[in-house]
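Participant: Handing you this structure, nothing more for now.
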Amino acid sequence: MGHLWAAILGIVQGVAEFLPISSTAHLKLVPWVFGIQGSYAFLANAQAAQAFDIALHAGSAVAILIALWSDWRKLVTDAVARHRPALRFVGFLLLTSVPGAIFGVLLDKKIEIYSSPADFHWAPLVVGLALILFGVLLWAVDHYTTRAQPLEKMNWLRALLIGLAQAVALIPGVSRSGATMTAGRATGLSREAVAKYSFMAALPIIAGAALFGLKDVPLSTLFSPDWVIGFVASLASSALLMRWMLAYVKRHSFAVFMWYRIALGVAVIALFLVRG
């Protein structure tokens, strides 16, 4: 049963990380909904759980490289050749990563506590409200923003605003991809541009979180069967969802994600109230 849960949570990570629906909310709430005490209770101990969390994030980080390989290859090639637009774009990605990295390090333990129903009684209520409120905000900003500029129009101010949104996404239920897409659309970038930039900007923050987590995890806890299953499931689902999302936003708005978030948020709050 543990291997099955490892695969399920790996898929949940891949799907929810790159859709604007909050991977933290889903990873914490799926076990809660099914009555598992603790997100990774099928694992042997807390260190194994931390290692498994690293596996999920490592899978998503590798998937970003695979799904956007042509973009990364061109960016690296042009940057090495010292092409100014490529160097500026690398700078944009680094700037976007700074706010989330700073607040992530400072609030690491609190984020874990307040996002977990096993550690914080009111976590489902917080997550449910964040799902609803930030889902509506995502739709409203997208709906009422008339400009739709390409990714080539990225600038320092936009990169900073998207980075600040990425820091706000540390609140459980907000969604990193949802917050960055909302901020990007608010500045006038197109849906396709903000989706691709959101995915590329995720690499430093996700890879950094995985590497940061290694400080508390013995190497002996890595590469267990559950670790490998979670990594592969996360990698495969992440890569597929990124490619699907980039195709989807070319022809559709973010409305479907708002309705999903509202429905899920209401269901989570209702279940929380029923359970007391």
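Identifiers in the structure tokens: chain A, B, ... in order shown; residue index from 1 per chain; ligand index from 1 in order shown.
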I'd like a table as a Markdown table: residues in region 41-121 of chain A with an atom no more than 12 Å from region 179-200 of chain A, each row giving the shortest atom pair and its distance in Å to one decimal, only C-alpha atoms counted, sorted by chain and rising residue number.
Facilitator:
```
| residue | atom | partner | partner_atom | distance |
| --- | --- | --- | --- | --- |
| A:Ser60 | CA | A:Phe199 | CA | 10.1 |
| A:Ala61 | CA | A:Phe199 | CA | 9.6 |
| A:Val62 | CA | A:Met200 | CA | 11.4 |
| A:Ala63 | CA | A:Phe199 | CA | 10.0 |
| A:Ile64 | CA | A:Phe199 | CA | 6.8 |
| A:Leu65 | CA | A:Met200 | CA | 8.5 |
| A:Ile66 | CA | A:Met200 | CA | 11.2 |
| A:Ala67 | CA | A:Phe199 | CA | 9.6 |
| A:Leu68 | CA | A:Met200 | CA | 7.9 |
| A:Trp69 | CA | A:Met200 | CA | 10.4 |
| A:Ser70 | CA | A:Met200 | CA | 11.9 |
| A:Asp71 | CA | A:Met200 | CA | 9.0 |
| A:Trp72 | CA | A:Met200 | CA | 8.5 |
| A:Leu75 | CA | A:Met200 | CA | 11.0 |
| A:Phe89 | CA | A:Tyr197 | CA | 10.0 |
| A:Val90 | CA | A:Met200 | CA | 10.2 |
| A:Phe92 | CA | A:Tyr197 | CA | 9.8 |
| A:Leu93 | CA | A:Met200 | CA | 7.6 |
| A:Leu94 | CA | A:Met200 | CA | 10.6 |
| A:Thr96 | CA | A:Thr180 | CA | 9.5 |
| A:Ser97 | CA | A:Met200 | CA | 10.5 |
| A:Gly100 | CA | A:Thr180 | CA | 11.1 |
```
Participant: Could you please determine the separation between CA of Trp32 (chain A) and CA of Ser116 (chain A) in Å, to one decimal place?
Facilitator: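 So the answer is 8.7 Å.
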Participant: Using CA of Leu273 (chain A) and CA of Ala16 (chain A) as the two end points, give the distance in Å to one decimal.
Facilitator: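 Going from CA of Leu273 (chain A) over to CA of Ala16 (chain A), I get 24.5 Å.
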Participant: Excluding Val266 (chain A) and residues on its chain fewer than 6 positions from it, collect all residues at most 10 Å away from it, counting only C-alpha atoms, and give them as number ranges by chain.
Facilitator: A: 125, 128-129, 131-132, 260, 272
Participant: Just want the 12 Å neighbourhood of Phe223 (chain A), counted on only C-alpha atoms, with same-chain residues fewer than 3 positions away dropped. Output as a ChimeraX atom specification.
Facilitator: /A:48,51-52,54-56,58,217-220,226-232
Participant: Residues of the last selection are to be written out with C-alpha atoms, as an mmCIF file, in the first residue's frame.
Facilitator:
```
data_model
loop_
_atom_site.group_PDB
_atom_site.id
_atom_site.type_symbol
_atom_site.label_atom_id
_atom_site.label_comp_id
_atom_site.auth_asym_id
_atom_site.auth_seq_id
_atom_site.Cartn_x
_atom_site.Cartn_y
_atom_site.Cartn_z
ATOM 1 C CA ALA A 48 12.047 9.174 5.427
ATOM 2 C CA ALA A 51 13.482 12.428 1.911
ATOM 3 C CA PHE A 52 10.266 11.558 0.083
ATOM 4 C CA ILE A 54 12.715 15.903 -1.700
ATOM 5 C CA ALA A 55 12.010 13.129 -4.209
ATOM 6 C CA LEU A 56 8.739 14.764 -5.262
ATOM 7 C CA ALA A 58 13.412 16.702 -7.474
ATOM 8 C CA VAL A 217 18.179 14.134 5.646
ATOM 9 C CA PRO A 218 20.788 11.343 5.936
ATOM 10 C CA LEU A 219 21.884 9.984 2.557
ATOM 11 C CA SER A 220 20.761 6.540 3.684
ATOM 12 C CA ASP A 226 9.154 4.723 -2.259
ATOM 13 C CA TRP A 227 11.631 7.530 -3.007
ATOM 14 C CA VAL A 228 12.202 6.266 -6.570
ATOM 15 C CA ILE A 229 8.491 5.685 -7.197
ATOM 16 C CA GLY A 230 7.615 9.171 -5.974
ATOM 17 C CA PHE A 231 10.409 10.736 -8.043
ATOM 18 C CA VAL A 232 9.422 8.974 -11.274
#
```
Participant: From the list A:Val80, A:Val33, A:Ala49, A:Ile11, which residue is nearest Leu214 (chain A) when using only C-alpha atoms?
Facilitator: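 Under the stated criterion, the closest residue is A:Ala49.
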Participant: Identify which of the residues A:Leu246, A:Leu271, A:Leu170, A:Ile262 lies closest to Ile205 (chain A), counting only C-alpha atoms when measuring atom-to-atom distances.
Facilitator: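 Closest candidate: A:Leu170.
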Participant: For a quick check of understanding, using only C-alpha atoms, which of A:Gln47, A:Gln166, A:Ser224, A:Ser177 has the smallest distance to His3 (chain A)?
Facilitator: A:Ser224
Participant: Between CA of Leu235 (chain A) and CA of Gly14 (chain A), what is the distance in Å, rounded to a tenth?
Facilitator: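 Atom-to-atom, CA of Leu235 (chain A) and CA of Gly14 (chain A) are spaced 6.8 Å apart.
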Participant: So, counting only C-alpha atoms, which residue among A:Leu264, A:Leu240, A:Leu161, A:Ala79 is closest to Leu29 (chain A)?
Facilitator: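 Of A:Leu264, A:Leu240, A:Leu161, A:Ala79, the one nearest Leu29 (chain A) is A:Leu264, counting only C-alpha atoms.
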Participant: For a quick check of understanding, using only C-alpha atoms, which of A:Ile269, A:Met258, A:Ala247, A:Val127 has the smallest distance to Gly173 (chain A)?
Facilitator: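 Among the listed residues, A:Val127 lies closest to Gly173 (chain A).
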Participant: Counting only C-alpha atoms, what is within 9 Å of Trp139 (chain A), bar same-chain residues fewer than 2 positions away, as a PyMOL selection string?
Facilitator: chain A and resi 134-137+141-144+182+253-258
Participant: Write out as JSON, numbers by chain the set of residues from region 7-201 of chain A that DSSP, computed on the backbone, places in helix (DSSP H, G or I).
Facilitator: {"A": [7, 8, 9, 10, 11, 12, 13, 14, 15, 16, 17, 18, 23, 24, 25, 26, 27, 28, 29, 30, 31, 32, 33, 46, 47, 48, 49, 50, 51, 52, 53, 54, 55, 56, 57, 58, 59, 60, 61, 62, 63, 64, 65, 66, 67, 69, 70, 71, 72, 73, 74, 75, 76, 77, 78, 79, 80, 84, 85, 86, 87, 88, 89, 90, 91, 92, 93, 94, 95, 96, 97, 98, 99, 100, 101, 102, 103, 104, 105, 106, 108, 109, 110, 111, 112, 113, 114, 123, 124, 125, 126, 127, 128, 129, 130, 131, 132, 133, 134, 135, 136, 137, 138, 139, 140, 141, 142, 143, 144, 151, 152, 153, 156, 157, 158, 159, 160, 161, 162, 163, 164, 165, 166, 167, 168, 176, 177, 178, 179, 180, 181, 182, 183, 184, 185, 186, 191, 192, 193, 194, 195, 196, 197, 198, 199, 200, 201]}
Participant: With only C-alpha atoms as the basis for distance, which of A:Ile162, A:Ile206, A:Phe120, A:Glu152 is at the shortest distance from Pro99 (chain A)?
Facilitator: A:Ile162
